[in-house]
Amino acid sequence: MRRAPLVLAAILLLLSAACVLAGLDRLPALTLDEAWTGLYATRLTEQGFYTPHAMNTYTGPLYGLVLSKALAAWSMSVRALRLPGALANAAAFLLAGWQLRRRTGDESAAWYGVLLASSVYLLLKSRLAWDVYALQPLLLAVTLTLLDRPSSRPRAFLFMAVTLVGVQNHFIYLSVPLSLVVLFACRAAWRGEEDLGADLRLALAALAAGAVVFLVKPRLSQEAWAFQRRWAVPLFLGLIPLATTAACGDWERPLVAALARPAARLWGRRLLGLGLFASLVWHVPPLWEALAGPVVWKRVFSWDAPWWLDLPLYLWSAFLLALVAWSAVRAWVREGLSPQERTLALWPIAHLAVFSLFRHTSSLRHYSIIHFLTILSLPSALSRLPKPDRRPATAMAAFALLCSQAVFWRNWASAMDRRPLQFHVGWRAENSWDFARKEALFAAYDSSGACDFIQGNSFTDLPLIFHRNSRQGRACDPRKLFTSDYCRGCGRPPFHRWGVVTR
């Protein structure tokens with residue numbers, strides 16, 4: 001029986017990996033951003049490294065370059081488009097599970113498996129070929145692993161490389177080194193943890209390097225990239241060894257001493273309190289919804305769960321967030337915890353304290369980092385619950401696990417074409433039209449004989465263009481143009497309308 005938690009953890013981790021990898025070609029429906037990313041990857045294949053940006057100036061081309069190789073190797077398809085990110089996320093889940101077992105034991109690893117396999121957000125969003133979902137969990141898992149290693153130059157070099165990959169992929173990853181700076185600085189200055197100097201230098205150097213990328217990258221342009229790349233690429237690559245050298249110095253003590261002064265403590269606590277209050281207003285409500293799961297079902301499956309499913313899942317999510325807060329308080333005041341356990345317990349709070357600097361909207365895609373940090377911080381706390389509290393927690397966790405898996409595999413076996421929904425995530429009005437099933441739309445285009453499109457709604461046009469490009473050799477009439485849009489007034493599927501125009 002002593003091996004039972006480890007066996008359970010292994011089974012649930014494999015189940016989670018299966019949920020991320022199974023049926024990528026059909027679940028969920030191909031979305032606008034994924035189609036754009038796939039078409040962008042093909043342009044990179046055809047034109048080379050022609051731009052420093054992806055969809056906007058705060059996202060970078062690295063993920064697109066990876067996809068360009070995947071699509072060239074596996075042929076253009078939805079499965080090939082999603083597989084690199086899905087594999088990266090499956091690897092992240094396994095690496096994080098291994099790290100948690102090393103840090104906190106088999107029972108904690110089992111709880112991690114339960115939380116992961118019951119996370120509707122992670123299991124569904126990890127399947128999407130979006131930059132914010134495809135790389136961030138793996139980068140966080142590698143960061144967690146590096147923080148657990150002794151201070152060394154190779155560790156610092158890898159930490160800088162991982163940070164810069166994350167920041168160029170999406171600027172929101174800059175919140176990771178910033179939250180670590182806040183975490184380690186507060187612990188070193190206010191708790192007297194003198195052995196955190198190396199970790200604080202590591203986080204500060206990574207933050208400085210990431211800030212350079214964040215400040216320089218928006219000033220680059222596709223038009224001038226042929227010239228700008230001559231200095232921009234060496235600059236970005238040179239930041240890694242430069243920041244590595246800075247992290248291996250011994251210069252953080254004056255900063256720690258300054259932060260330990262009474263005035264610095266007072267203003268530091270005020271600023272952290274303001275940041276936490278802003279997140280409590282703007283980000284904790286959508287995080288609560290994402291942890292519960294029903295809002296993700298609405299977004300991806302257009303399925304509004306019945307109240308008797310919603311209520312216990314939202315109660316479970318509220319319990320988890322309360323446990324995160326309580327664990328952070330205990331980790332701050334309690335002695336006897338290892339530095340690694342204290343880092344896991346306090347990191348979500350530190351991240352929430354700075355998160356509002358990066359986003360003040362409630363789009364689900366921006367909660368990938370804090371969601372994964374929350375999942376990583378909870379297993380140790382759950383494994384230490386008193387016995388009277390452990391039974392109801394286990395029952396709620398089992399219910400969440402059963403619901404998550406049942407809904408996923410039901411939709412995997414038979415993806416239903418439901419009417420898209422209008423709903424709210426936190427303060428943000430959201431809908432599920434982007435995830436509407438497109439089989440009927442694609443079949444209508446295939447049978448129309450049209451070659452090109454009259455572009456009007458990019459949410460249908462770009463998936464159609466990706467679909468067309470994946471059907472090489474299809475016979476078509478260049479005089480025919482295919483037109484499509486949502487059918488918002490339709491009461492039954494399909495929820496798209498289309499037509500053919502002859503020119």
# chains A, B, ... in the order shown; residues from 1 in each chain; ligands from 1

$ select_by_dssp --residues "region 270-433 of chain A" --states "strand (DSSP E or B)" --output "VMD selection string"
chain A and resid 422 to 425 428 to 431

$ residues_around --residues "Gln136 (chain A)" --least-positions-apart "3" --cutoff "12 Å" --atoms "only C-alpha atoms" --output "number ranges by chain"
A: 63, 85-86, 88-93, 122, 125-126, 130-133, 139-143, 162-176, 365-373

$ write_last_selection --atoms "C-alpha atoms" --output "CSV table (one decimal), in the first residue's frame"
chain,number,residue,atom,x,y,z
A,63,TYR,CA,6.7,28.9,-32.0
A,85,GLY,CA,2.3,22.1,-28.4
A,86,ALA,CA,0.5,19.0,-27.1
A,88,ALA,CA,5.3,20.0,-25.0
A,89,ASN,CA,2.5,20.2,-22.6
A,90,ALA,CA,2.5,16.5,-21.9
A,91,ALA,CA,6.2,16.7,-21.2
A,92,ALA,CA,5.6,19.6,-18.9
A,93,PHE,CA,3.0,17.7,-16.9
A,122,LEU,CA,-5.2,22.5,-18.7
A,125,LYS,CA,-6.4,24.4,-23.6
A,126,SER,CA,-3.2,22.4,-23.8
A,130,TRP,CA,-1.8,29.0,-29.5
A,131,ASP,CA,1.6,30.4,-28.3
A,132,VAL,CA,0.3,31.1,-24.8
A,133,TYR,CA,-0.8,27.5,-24.3
A,139,LEU,CA,8.9,26.6,-19.6
A,140,LEU,CA,7.5,26.8,-16.1
A,141,ALA,CA,8.3,23.1,-15.4
A,142,VAL,CA,11.9,23.6,-16.6
A,143,THR,CA,12.1,26.8,-14.5
A,162,VAL,CA,14.3,29.6,-20.9
A,163,THR,CA,13.2,33.1,-19.8
A,164,LEU,CA,14.1,34.8,-23.1
A,165,VAL,CA,12.3,32.0,-25.0
A,166,GLY,CA,9.2,32.7,-22.9
A,167,VAL,CA,9.3,36.5,-23.2
A,168,GLN,CA,9.8,36.4,-27.0
A,169,ASN,CA,7.0,33.9,-27.3
A,170,HIS,CA,4.6,36.1,-25.4
A,171,PHE,CA,5.4,39.2,-23.3
A,172,ILE,CA,3.2,38.0,-20.5
A,173,TYR,CA,6.0,35.5,-19.6
A,174,LEU,CA,7.9,38.4,-18.2
A,175,SER,CA,5.6,38.1,-15.2
A,176,VAL,CA,7.5,34.9,-14.2
A,365,ARG,CA,-5.7,32.5,-22.5
A,366,HIS,CA,-3.8,34.8,-20.1
A,367,TYR,CA,-4.4,32.5,-17.1
A,368,SER,CA,-2.1,29.7,-18.3
A,369,ILE,CA,0.8,30.7,-16.0
A,370,ILE,CA,-1.1,31.4,-12.8
A,371,HIS,CA,-3.3,28.3,-13.4
A,372,PHE,CA,-0.4,26.0,-13.6
A,373,LEU,CA,1.4,27.7,-10.7

$ select_by_dssp --residues "region 122-272 of chain A" --states "helix (DSSP H, G or I)" --output "PyMOL selection string"
chain A and resi 122-125+131-134+136-147+153-169+171-190+194-219+225-247+253-259+262-272

$ residues_around --residues "Arg269 (chain A)" --least-positions-apart "5" --cutoff "12 Å" --atoms "only C-alpha atoms" --output "list of chain:residue names"
A:Val182, A:Cys186, A:Trp190, A:Leu259, A:Ala260, A:Pro262, A:Ala263, A:Ala264, A:Leu274, A:Gly275, A:Leu276, A:Phe277, A:Ala350, A:Ala353

$ atom_distance --atom1 "CA of Ala395 (chain A)" --atom2 "CA of Phe408 (chain A)"
20.0 Å

$ closest_residue --among "A:Pro52, A:Phe236, A:Ala258, A:Pro348" --to "Arg219 (chain A)" --atoms "only C-alpha atoms"
A:Pro52

$ closest_residue --among "A:Glu439, A:Tyr50, A:Ala406, A:Leu144" --to "Leu95 (chain A)" --atoms "only C-alpha atoms"
A:Leu144
